[in-house]
>>> print(open('work-v3.csv').read())   # CSV, N, CA and C atoms
chain,number,residue,atom,x,y,z
A,1,MET,N,-3.7,-5.3,-2.5
A,1,MET,CA,-5.1,-5.2,-2.9
A,1,MET,C,-5.3,-3.9,-3.6
A,2,LYS,N,-6.2,-3.8,-4.5
A,2,LYS,CA,-6.6,-2.6,-5.1
A,2,LYS,C,-7.9,-2.1,-4.6
A,3,TYR,N,-8.0,-0.8,-4.5
A,3,TYR,CA,-9.3,-0.2,-4.0
A,3,TYR,C,-9.6,1.0,-4.8
A,4,VAL,N,-10.8,1.5,-4.8
A,4,VAL,CA,-11.2,2.8,-5.4
A,4,VAL,C,-12.1,3.5,-4.4
A,5,TYR,N,-11.7,4.7,-4.0
A,5,TYR,CA,-12.4,5.5,-3.0
A,5,TYR,C,-12.7,6.9,-3.6
A,6,PRO,N,-13.9,7.4,-3.3
A,6,PRO,CA,-14.2,8.8,-3.7
A,6,PRO,C,-13.4,9.8,-2.8
A,7,ALA,N,-13.1,10.9,-3.5
A,7,ALA,CA,-12.4,11.9,-2.8
A,7,ALA,C,-13.0,13.3,-3.2
A,8,VAL,N,-12.9,14.2,-2.3
A,8,VAL,CA,-13.5,15.6,-2.5
A,8,VAL,C,-12.3,16.5,-2.5
A,9,LEU,N,-12.1,17.2,-3.6
A,9,LEU,CA,-11.0,18.2,-3.7
A,9,LEU,C,-11.7,19.6,-3.5
A,10,SER,N,-11.1,20.4,-2.6
A,10,SER,CA,-11.6,21.7,-2.2
A,10,SER,C,-10.5,22.7,-2.2
A,11,PRO,N,-10.7,23.9,-2.8
A,11,PRO,CA,-9.7,25.0,-2.6
A,11,PRO,C,-9.5,25.3,-1.1
A,12,ASP,N,-8.3,25.5,-0.7
A,12,ASP,CA,-8.0,25.8,0.7
A,12,ASP,C,-6.8,26.6,0.9
A,13,ASP,N,-6.9,27.9,1.0
A,13,ASP,CA,-5.8,28.8,1.3
A,13,ASP,C,-4.7,28.7,0.3
A,14,GLY,N,-5.0,28.7,-1.0
A,14,GLY,CA,-4.0,28.6,-2.0
A,14,GLY,C,-3.6,27.2,-2.4
A,15,GLN,N,-4.1,26.2,-1.7
A,15,GLN,CA,-3.8,24.8,-2.0
A,15,GLN,C,-5.1,24.1,-2.3
A,16,ILE,N,-4.9,22.8,-2.7
A,16,ILE,CA,-6.1,22.0,-2.9
A,16,ILE,C,-6.1,21.0,-1.8
A,17,GLY,N,-7.2,21.0,-1.0
A,17,GLY,CA,-7.4,20.0,0.1
A,17,GLY,C,-8.1,18.8,-0.5
A,18,VAL,N,-7.8,17.6,0.0
A,18,VAL,CA,-8.5,16.4,-0.4
A,18,VAL,C,-9.0,15.7,0.8
A,19,ASP,N,-10.2,15.4,0.8
A,19,ASP,CA,-10.9,14.6,1.9
A,19,ASP,C,-11.4,13.3,1.3
A,20,VAL,N,-11.2,12.2,2.1
A,20,VAL,CA,-11.7,10.9,1.7
A,20,VAL,C,-12.7,10.5,2.7
A,21,PRO,N,-14.0,10.9,2.5
A,21,PRO,CA,-15.0,10.7,3.5
A,21,PRO,C,-15.2,9.3,4.1
A,22,ASP,N,-14.9,8.3,3.3
A,22,ASP,CA,-15.2,6.9,3.7
A,22,ASP,C,-14.1,6.4,4.7
A,23,LEU,N,-12.9,7.1,4.7
A,23,LEU,CA,-11.8,6.7,5.6
A,23,LEU,C,-11.6,7.8,6.6
A,24,PRO,N,-12.1,7.6,7.8
A,24,PRO,CA,-12.0,8.6,8.9
A,24,PRO,C,-10.5,9.1,9.1
A,25,GLY,N,-10.4,10.5,9.0
A,25,GLY,CA,-9.1,11.1,9.2
A,25,GLY,C,-8.2,11.1,8.0
A,26,CYS,N,-8.7,10.6,6.9
A,26,CYS,CA,-7.8,10.5,5.7
A,26,CYS,C,-8.0,11.7,4.8
A,27,PHE,N,-7.0,12.6,4.9
A,27,PHE,CA,-7.1,13.8,4.1
A,27,PHE,C,-5.7,14.2,3.7
A,28,SER,N,-5.5,15.1,2.7
A,28,SER,CA,-4.2,15.5,2.3
A,28,SER,C,-4.4,16.9,1.6
A,29,TYR,N,-3.2,17.4,1.1
A,29,TYR,CA,-3.2,18.7,0.4
A,29,TYR,C,-2.2,18.6,-0.7
A,30,GLY,N,-2.3,19.5,-1.7
A,30,GLY,CA,-1.4,19.6,-2.8
A,30,GLY,C,-1.4,21.0,-3.3
A,31,LYS,N,-0.3,21.4,-3.9
A,31,LYS,CA,-0.2,22.8,-4.4
A,31,LYS,C,-1.1,23.0,-5.6
A,32,ASP,N,-1.4,21.9,-6.3
A,32,ASP,CA,-2.3,22.0,-7.5
A,32,ASP,C,-3.1,20.6,-7.5
A,33,ILE,N,-3.9,20.5,-8.5
A,33,ILE,CA,-4.8,19.3,-8.6
A,33,ILE,C,-3.9,18.0,-8.7
A,34,ALA,N,-2.9,18.1,-9.6
A,34,ALA,CA,-2.1,16.9,-9.8
A,34,ALA,C,-1.4,16.4,-8.6
A,35,GLU,N,-0.8,17.4,-7.8
A,35,GLU,CA,-0.1,17.0,-6.6
A,35,GLU,C,-1.1,16.6,-5.5
A,36,ALA,N,-2.3,17.2,-5.5
A,36,ALA,CA,-3.3,16.8,-4.5
A,36,ALA,C,-3.8,15.4,-4.7
A,37,LEU,N,-3.9,15.0,-6.0
A,37,LEU,CA,-4.4,13.6,-6.3
A,37,LEU,C,-3.3,12.6,-6.0
A,38,LEU,N,-2.0,12.9,-6.2
A,38,LEU,CA,-0.9,12.0,-5.9
A,38,LEU,C,-0.8,11.9,-4.3
A,39,MET,N,-1.0,13.0,-3.6
A,39,MET,CA,-0.9,13.0,-2.2
A,39,MET,C,-2.1,12.2,-1.6
A,40,ALA,N,-3.3,12.3,-2.2
A,40,ALA,CA,-4.5,11.6,-1.8
A,40,ALA,C,-4.3,10.1,-2.0
A,41,LYS,N,-3.7,9.7,-3.1
A,41,LYS,CA,-3.5,8.3,-3.4
A,41,LYS,C,-2.6,7.7,-2.3
A,42,ASP,N,-1.5,8.5,-2.0
A,42,ASP,CA,-0.6,8.0,-1.0
A,42,ASP,C,-1.2,7.9,0.4
A,43,ALA,N,-2.0,8.9,0.7
A,43,ALA,CA,-2.7,8.9,2.0
A,43,ALA,C,-3.7,7.7,2.1
A,44,ILE,N,-4.5,7.5,1.1
A,44,ILE,CA,-5.4,6.4,1.0
A,44,ILE,C,-4.7,5.0,1.2
A,45,GLU,N,-3.6,4.9,0.4
A,45,GLU,CA,-2.8,3.6,0.5
A,45,GLU,C,-2.2,3.4,1.9
A,46,MET,N,-1.7,4.5,2.5
A,46,MET,CA,-1.2,4.4,3.9
A,46,MET,C,-2.3,4.0,4.9
A,47,TRP,N,-3.4,4.6,4.7
A,47,TRP,CA,-4.6,4.4,5.6
A,47,TRP,C,-5.0,2.9,5.5
A,48,LEU,N,-5.1,2.4,4.3
A,48,LEU,CA,-5.6,1.1,4.0
A,48,LEU,C,-4.5,0.1,4.4
A,49,TRP,N,-3.3,0.4,4.2
A,49,TRP,CA,-2.2,-0.5,4.6
A,49,TRP,C,-2.2,-0.7,6.1
A,50,ASN,N,-2.4,0.4,6.8
A,50,ASN,CA,-2.4,0.3,8.3
A,50,ASN,C,-3.6,-0.6,8.7
A,51,ALA,N,-4.8,-0.4,8.1
A,51,ALA,CA,-6.0,-1.2,8.4
A,51,ALA,C,-5.7,-2.7,8.1
A,52,GLU,N,-5.1,-3.0,7.0
A,52,GLU,CA,-4.8,-4.4,6.6
A,52,GLU,C,-3.8,-5.0,7.6
A,53,THR,N,-2.8,-4.2,8.0
A,53,THR,CA,-1.7,-4.7,8.9
A,53,THR,C,-2.3,-4.9,10.3
A,54,GLU,N,-3.1,-4.1,10.7
A,54,GLU,CA,-3.7,-4.2,12.1
A,54,GLU,C,-5.0,-5.1,12.1
A,55,GLY,N,-5.4,-5.6,11.0
A,55,GLY,CA,-6.6,-6.4,11.0
A,55,GLY,C,-7.9,-5.6,11.2
A,56,LEU,N,-7.9,-4.3,10.9
A,56,LEU,CA,-9.1,-3.5,11.1
A,56,LEU,C,-10.0,-3.6,10.0
A,57,GLU,N,-11.3,-3.3,10.3
A,57,GLU,CA,-12.3,-3.3,9.2
A,57,GLU,C,-12.0,-2.2,8.2
A,58,ILE,N,-12.1,-2.6,6.9
A,58,ILE,CA,-11.9,-1.6,5.9
A,58,ILE,C,-13.3,-1.2,5.4
A,59,PRO,N,-13.6,0.1,5.5
A,59,PRO,CA,-15.0,0.6,5.0
A,59,PRO,C,-15.2,0.4,3.5
A,60,GLU,N,-16.4,0.1,3.2
A,60,GLU,CA,-16.8,0.0,1.8
A,60,GLU,C,-16.8,1.4,1.2
A,61,ALA,N,-16.4,1.5,0.0
A,61,ALA,CA,-16.4,2.8,-0.7
A,61,ALA,C,-17.9,3.2,-1.0
A,62,SER,N,-18.2,4.4,-0.8
A,62,SER,CA,-19.6,4.9,-1.1
A,62,SER,C,-19.6,5.8,-2.3
A,63,CYS,N,-20.7,6.2,-2.7
A,63,CYS,CA,-20.9,7.2,-3.8
A,63,CYS,C,-21.2,8.5,-3.1
A,64,PHE,N,-20.1,9.2,-2.5
A,64,PHE,CA,-20.3,10.4,-1.7
A,64,PHE,C,-20.5,11.6,-2.6
A,65,LEU,N,-21.7,12.1,-2.5
A,65,LEU,CA,-22.0,13.4,-3.2
A,65,LEU,C,-22.7,14.4,-2.3
A,66,ASP,N,-23.1,14.0,-1.2
A,66,ASP,CA,-23.8,15.0,-0.3
A,66,ASP,C,-22.9,16.0,0.3
A,67,GLY,N,-23.4,17.2,0.4
A,67,GLY,CA,-22.6,18.3,1.0
A,67,GLY,C,-21.5,18.9,0.2
A,68,LEU,N,-21.5,18.7,-1.1
A,68,LEU,CA,-20.5,19.3,-2.0
A,68,LEU,C,-20.9,20.7,-2.3
A,69,SER,N,-19.9,21.6,-2.2
A,69,SER,CA,-20.1,23.0,-2.6
A,69,SER,C,-19.8,23.2,-4.1
A,70,GLU,N,-20.1,24.3,-4.6
A,70,GLU,CA,-19.8,24.6,-6.0
A,70,GLU,C,-18.3,24.6,-6.3
A,71,GLU,N,-17.5,24.9,-5.3
A,71,GLU,CA,-16.1,24.9,-5.4
A,71,GLU,C,-15.5,23.5,-5.3
A,72,ASP,N,-16.2,22.6,-4.8
A,72,ASP,CA,-15.6,21.2,-4.6
A,72,ASP,C,-15.7,20.4,-5.9
A,73,THR,N,-14.7,19.5,-6.0
A,73,THR,CA,-14.7,18.6,-7.1
A,73,THR,C,-14.7,17.2,-6.6
A,74,PHE,N,-15.6,16.3,-7.1
A,74,PHE,CA,-15.7,14.9,-6.7
A,74,PHE,C,-14.8,14.1,-7.7
A,75,THR,N,-14.0,13.2,-7.2
A,75,THR,CA,-13.3,12.3,-8.1
A,75,THR,C,-13.1,10.9,-7.4
A,76,LEU,N,-12.6,10.0,-8.2
A,76,LEU,CA,-12.3,8.7,-7.6
A,76,LEU,C,-10.8,8.5,-7.6
A,77,VAL,N,-10.3,7.8,-6.6
A,77,VAL,CA,-8.8,7.6,-6.5
A,77,VAL,C,-8.6,6.1,-6.4
A,78,VAL,N,-7.7,5.6,-7.2
A,78,VAL,CA,-7.3,4.2,-7.2
A,78,VAL,C,-6.1,4.0,-6.3
A,79,ALA,N,-6.2,3.1,-5.4
A,79,ALA,CA,-5.2,2.8,-4.4
A,79,ALA,C,-4.7,1.4,-4.5
A,80,ASP,N,-3.4,1.1,-4.4
A,80,ASP,CA,-2.9,-0.2,-4.5
A,80,ASP,C,-2.0,-0.5,-3.2
A,81,THR,N,-2.5,-1.2,-2.2
A,81,THR,CA,-1.7,-1.4,-1.0
A,81,THR,C,-0.6,-2.3,-1.2
A,82,ASP,N,-0.6,-3.2,-2.1
A,82,ASP,CA,0.5,-4.1,-2.4
A,82,ASP,C,1.7,-3.3,-2.9
A,83,ALA,N,1.4,-2.3,-3.8
A,83,ALA,CA,2.5,-1.5,-4.4
A,83,ALA,C,3.0,-0.6,-3.3
A,84,TRP,N,2.1,0.0,-2.4
A,84,TRP,CA,2.6,0.9,-1.3
A,84,TRP,C,3.4,0.1,-0.4
A,85,ARG,N,3.0,-1.1,0.0
A,85,ARG,CA,3.7,-2.0,0.9
A,85,ARG,C,5.1,-2.3,0.4
A,86,LYS,N,5.2,-2.6,-0.9
A,86,LYS,CA,6.5,-2.9,-1.5
A,86,LYS,C,7.4,-1.7,-1.5
A,87,ALA,N,6.9,-0.5,-1.7
A,87,ALA,CA,7.7,0.7,-1.7
A,87,ALA,C,8.1,1.2,-0.3
A,88,HIS,N,7.3,0.9,0.7
A,88,HIS,CA,7.5,1.6,2.0
A,88,HIS,C,7.7,0.7,3.2
A,89,ASP,N,7.2,-0.5,3.1
A,89,ASP,CA,7.3,-1.5,4.2
A,89,ASP,C,8.4,-2.5,4.0
A,90,THR,N,9.6,-2.0,4.1
A,90,THR,CA,10.8,-2.7,3.7
A,90,THR,C,11.6,-3.3,4.8
A,91,LYS,N,11.1,-3.3,6.0
A,91,LYS,CA,11.9,-3.8,7.2
A,91,LYS,C,12.0,-5.3,7.0
A,92,ALA,N,13.1,-5.8,7.4
A,92,ALA,CA,13.4,-7.3,7.3
A,92,ALA,C,12.6,-8.0,8.4
A,93,VAL,N,12.2,-9.2,8.1
A,93,VAL,CA,11.5,-10.1,9.0
A,93,VAL,C,12.2,-11.4,9.1
A,94,LYS,N,12.5,-11.8,10.3
A,94,LYS,CA,13.3,-13.1,10.4
A,94,LYS,C,12.3,-14.3,10.4
A,95,LYS,N,12.6,-15.3,9.5
A,95,LYS,CA,11.8,-16.5,9.4
A,95,LYS,C,12.6,-17.7,9.8
A,96,THR,N,12.0,-18.6,10.5
A,96,THR,CA,12.7,-19.8,10.8
A,96,THR,C,12.1,-20.9,9.9
A,97,LEU,N,12.9,-21.7,9.2
A,97,LEU,CA,12.4,-22.7,8.3
A,97,LEU,C,13.3,-23.9,8.4
A,98,THR,N,12.8,-25.0,7.8
A,98,THR,CA,13.6,-26.2,7.8
A,98,THR,C,13.9,-26.7,6.3
A,99,ILE,N,15.1,-27.2,6.1
A,99,ILE,CA,15.4,-27.8,4.8
A,99,ILE,C,16.2,-29.1,5.2
A,100,PRO,N,16.2,-30.0,4.2
A,100,PRO,CA,17.0,-31.3,4.5
A,100,PRO,C,18.5,-31.0,4.8
A,101,ALA,N,19.0,-31.8,5.7
A,101,ALA,CA,20.4,-31.6,6.1
A,101,ALA,C,21.4,-31.7,4.9
A,102,TRP,N,21.1,-32.6,3.9
A,102,TRP,CA,22.0,-32.7,2.8
A,102,TRP,C,22.0,-31.5,1.9
A,103,LEU,N,20.8,-30.8,1.8
A,103,LEU,CA,20.7,-29.6,1.0
A,103,LEU,C,21.4,-28.4,1.7
A,104,ASN,N,21.2,-28.3,3.0
A,104,ASN,CA,21.9,-27.3,3.8
A,104,ASN,C,23.4,-27.5,3.7
A,105,HIS,N,23.9,-28.7,3.7
A,105,HIS,CA,25.4,-28.9,3.6
A,105,HIS,C,25.9,-28.4,2.3
A,106,GLN,N,25.2,-28.8,1.2
A,106,GLN,CA,25.6,-28.4,-0.1
A,106,GLN,C,25.6,-26.9,-0.3
A,107,ALA,N,24.5,-26.3,0.2
A,107,ALA,CA,24.3,-24.8,0.1
A,107,ALA,C,25.4,-24.1,0.9
A,108,GLU,N,25.7,-24.6,2.1
A,108,GLU,CA,26.8,-23.9,2.9
A,108,GLU,C,28.2,-24.1,2.2
A,109,LYS,N,28.4,-25.2,1.6
A,109,LYS,CA,29.7,-25.5,0.9
A,109,LYS,C,29.8,-24.4,-0.3
A,110,ALA,N,28.7,-24.1,-0.9
A,110,ALA,CA,28.7,-23.2,-2.0
A,110,ALA,C,28.6,-21.7,-1.5
A,111,ASN,N,28.6,-21.5,-0.2
A,111,ASN,CA,28.4,-20.1,0.3
A,111,ASN,C,27.1,-19.5,-0.3
A,112,ALA,N,26.0,-20.3,-0.3
A,112,ALA,CA,24.8,-19.8,-0.9
A,112,ALA,C,24.2,-18.7,0.0
A,113,PRO,N,23.8,-17.6,-0.6
A,113,PRO,CA,23.1,-16.5,0.1
A,113,PRO,C,21.6,-16.9,0.4
A,114,PHE,N,21.4,-17.6,1.5
A,114,PHE,CA,20.1,-18.1,1.8
A,114,PHE,C,18.9,-17.1,1.7
A,115,SER,N,19.1,-15.9,2.4
A,115,SER,CA,18.1,-14.9,2.4
A,115,SER,C,17.7,-14.5,1.0
A,116,GLN,N,18.7,-14.2,0.2
A,116,GLN,CA,18.5,-13.7,-1.2
A,116,GLN,C,17.8,-14.7,-2.0
A,117,ILE,N,18.2,-16.0,-1.9
A,117,ILE,CA,17.6,-17.1,-2.7
A,117,ILE,C,16.2,-17.3,-2.3
A,118,LEU,N,15.9,-17.2,-1.0
A,118,LEU,CA,14.5,-17.3,-0.5
A,118,LEU,C,13.6,-16.2,-1.1
A,119,GLN,N,14.1,-15.0,-1.0
A,119,GLN,CA,13.4,-13.8,-1.5
A,119,GLN,C,13.1,-14.0,-3.0
A,120,GLN,N,14.2,-14.3,-3.8
A,120,GLN,CA,14.0,-14.5,-5.2
A,120,GLN,C,13.0,-15.6,-5.5
A,121,GLY,N,13.1,-16.7,-4.8
A,121,GLY,CA,12.2,-17.8,-5.0
A,121,GLY,C,10.7,-17.5,-4.7
A,122,LEU,N,10.5,-16.7,-3.6
A,122,LEU,CA,9.2,-16.3,-3.2
A,122,LEU,C,8.6,-15.3,-4.3
A,123,LYS,N,9.4,-14.4,-4.8
A,123,LYS,CA,9.0,-13.5,-5.8
A,123,LYS,C,8.6,-14.3,-7.1
A,124,GLU,N,9.4,-15.3,-7.4
A,124,GLU,CA,9.0,-16.1,-8.6
A,124,GLU,C,7.7,-16.8,-8.4
A,125,TYR,N,7.6,-17.5,-7.2
A,125,TYR,CA,6.4,-18.2,-6.9
A,125,TYR,C,5.2,-17.4,-6.9
A,126,LEU,N,5.3,-16.2,-6.3
A,126,LEU,CA,4.1,-15.3,-6.2
A,126,LEU,C,3.9,-14.4,-7.5
A,127,ARG,N,4.8,-14.5,-8.4
A,127,ARG,CA,4.8,-13.7,-9.7
A,127,ARG,C,4.9,-12.3,-9.4
A,128,ILE,N,5.9,-11.9,-8.5
A,128,ILE,CA,6.0,-10.5,-8.1
A,128,ILE,C,7.4,-10.0,-8.7
A,129,ASP,N,7.4,-8.8,-9.3
A,129,ASP,CA,8.6,-8.2,-9.8
A,129,ASP,C,9.6,-7.9,-8.7
>>> encode(input="work-v3.csv", output="structure tokens")
Amino acid sequence: MKYVYPAVLSPDDGQIGVDVPDLPGCFSYGKDIAEALLMAKDAIEMWLWNAETEGLEIPEASCFLDGLSEEDTFTLVVADTDAWRKAHDTKAVKKTLTIPAWLNHQAEKANAPFSQILQQGLKEYLRID
């Protein structure tokens, strides 16, 4: 899923701190604005991935402008939990499935790599790279 959340960038002891007010506990740092934004994107994606995985409520994004100081910068960060999951959530999951006996026989005779074929087929079906 794709999300957009507001973030507040603030100078903090020689670094740039990033707070995402709509996601409790979601904050990050970077040595400069570019790194801070990349770290914020990763932190948001991880926070949202966890909420999706655990079935937790995902807060609506607000237009957070209250309490900004003159040193703060307000920006929006785009997060993609599907891309984050693909890059980081790579543990294997065992699935039990059934296929016709004749097909199983032919596949075993050909030493077919069942897991690889299933993954490839699912990616094609879901139109995933």
>>> atom_distance(input="work-v3.csv", atom1="atom C of Arg85 of chain A", atom2="atom N of Ile117 of chain A")
19.1 Å
>>> select_by_dssp(input="work-v3.csv", residues="chain A", states="alpha helix (DSSP H)", output="VMD selection string")
chain A and resid 33 to 54 81 to 88 101 to 109 114 to 126
>>> residues_around(input="work-v3.csv", residues="Glu71 of chain A", least_positions_apart="6", cutoff="6.5 Å", atoms="all atoms listed in the file", output="list in words")
Leu9, Ser10 and Pro11 of chain A
>>> atom_distance(input="work-v3.csv", atom1="atom CA of Ile33 of chain A", atom2="atom CA of Gly14 of chain A")
11.4 Å
>>> residues_around(input="work-v3.csv", residues="Ser115 of chain A", least_positions_apart="6", cutoff="12 Å", atoms="only C-alpha atoms", output="list in words")
Ala92, Val93, Lys94, Lys95, Thr96, Leu97, Ala107, Gly121 and Leu122 of chain A
>>> atom_distance(input="work-v3.csv", atom1="atom C of Trp49 of chain A", atom2="atom C of Thr81 of chain A")
7.6 Å
>>> closest_residue(input="work-v3.csv", among="A:Asp89, A:Asp80, A:Glu124, A:Glu52", to="Val4 of chain A", atoms="only N, CA and C atoms")
A:Asp80
>>> select_by_dssp(input="work-v3.csv", residues="segment 1-92 of chain A", states="strand (DSSP E or B)", output="ChimeraX atom specification")
/A:2-12,15-19,27-30,73-80
>>> closest_residue(input="work-v3.csv", among="A:Asp82, A:Glu108, A:Asp129, A:Asp42", to="Gly30 of chain A", atoms="only C-alpha atoms")
A:Asp42
>>> closest_residue(input="work-v3.csv", among="A:Met1, A:Leu103, A:Pro6, A:Ala36", to="Cys63 of chain A", atoms="all atoms listed in the file")
A:Pro6
>>> decode(input="work-v3.csv", residues="segment 10-24 of chain A", atoms="N, CA and C atoms", output="PDB file, in the first residue's frame")
ATOM      1  N   SER A  10      13.623  19.007  12.000  1.00  0.00           N
ATOM      2  CA  SER A  10      14.117  19.989  12.969  1.00  0.00           C
ATOM      3  C   SER A  10      15.609  19.804  13.164  1.00  0.00           C
ATOM      4  N   PRO A  11      16.365  20.914  13.202  1.00  0.00           N
ATOM      5  CA  PRO A  11      17.790  20.785  13.528  1.00  0.00           C
ATOM      6  C   PRO A  11      17.944  20.247  14.942  1.00  0.00           C
ATOM      7  N   ASP A  12      18.891  19.300  15.118  1.00  0.00           N
ATOM      8  CA  ASP A  12      19.056  18.674  16.421  1.00  0.00           C
ATOM      9  C   ASP A  12      20.511  18.255  16.604  1.00  0.00           C
ATOM     10  N   ASP A  13      21.278  19.066  17.304  1.00  0.00           N
ATOM     11  CA  ASP A  13      22.658  18.736  17.657  1.00  0.00           C
ATOM     12  C   ASP A  13      23.498  18.343  16.440  1.00  0.00           C
ATOM     13  N   GLY A  14      23.448  19.160  15.398  1.00  0.00           N
ATOM     14  CA  GLY A  14      24.250  18.924  14.200  1.00  0.00           C
ATOM     15  C   GLY A  14      23.636  17.946  13.219  1.00  0.00           C
ATOM     16  N   GLN A  15      22.466  17.423  13.542  1.00  0.00           N
ATOM     17  CA  GLN A  15      21.761  16.521  12.639  1.00  0.00           C
ATOM     18  C   GLN A  15      20.383  17.094  12.344  1.00  0.00           C
ATOM     19  N   ILE A  16      19.648  16.397  11.499  1.00  0.00           N
ATOM     20  CA  ILE A  16      18.267  16.779  11.223  1.00  0.00           C
ATOM     21  C   ILE A  16      17.378  15.690  11.803  1.00  0.00           C
ATOM     22  N   GLY A  17      16.572  16.064  12.772  1.00  0.00           N
ATOM     23  CA  GLY A  17      15.609  15.132  13.354  1.00  0.00           C
ATOM     24  C   GLY A  17      14.320  15.176  12.552  1.00  0.00           C
ATOM     25  N   VAL A  18      13.669  14.028  12.439  1.00  0.00           N
ATOM     26  CA  VAL A  18      12.403  13.953  11.708  1.00  0.00           C
ATOM     27  C   VAL A  18      11.366  13.300  12.615  1.00  0.00           C
ATOM     28  N   ASP A  19      10.253  13.976  12.807  1.00  0.00           N
ATOM     29  CA  ASP A  19       9.142  13.458  13.608  1.00  0.00           C
ATOM     30  C   ASP A  19       7.939  13.292  12.697  1.00  0.00           C
ATOM     31  N   VAL A  20       7.234  12.176  12.857  1.00  0.00           N
ATOM     32  CA  VAL A  20       6.001  11.924  12.104  1.00  0.00           C
ATOM     33  C   VAL A  20       4.871  11.925  13.133  1.00  0.00           C
ATOM     34  N   PRO A  21       4.251  13.081  13.345  1.00  0.00           N
ATOM     35  CA  PRO A  21       3.295  13.240  14.443  1.00  0.00           C
ATOM     36  C   PRO A  21       2.106  12.283  14.417  1.00  0.00           C
ATOM     37  N   ASP A  22       1.672  11.849  13.233  1.00  0.00           N
ATOM     38  CA  ASP A  22       0.501  10.982  13.146  1.00  0.00           C
ATOM     39  C   ASP A  22       0.790   9.531  13.530  1.00  0.00           C
ATOM     40  N   LEU A  23       2.074   9.165  13.586  1.00  0.00           N
ATOM     41  CA  LEU A  23       2.452   7.788  13.906  1.00  0.00           C
ATOM     42  C   LEU A  23       3.242   7.791  15.208  1.00  0.00           C
ATOM     43  N   PRO A  24       2.616   7.456  16.315  1.00  0.00           N
ATOM     44  CA  PRO A  24       3.265   7.535  17.627  1.00  0.00           C
ATOM     45  C   PRO A  24       4.596   6.780  17.667  1.00  0.00           C
TER      46      PRO A  24
END
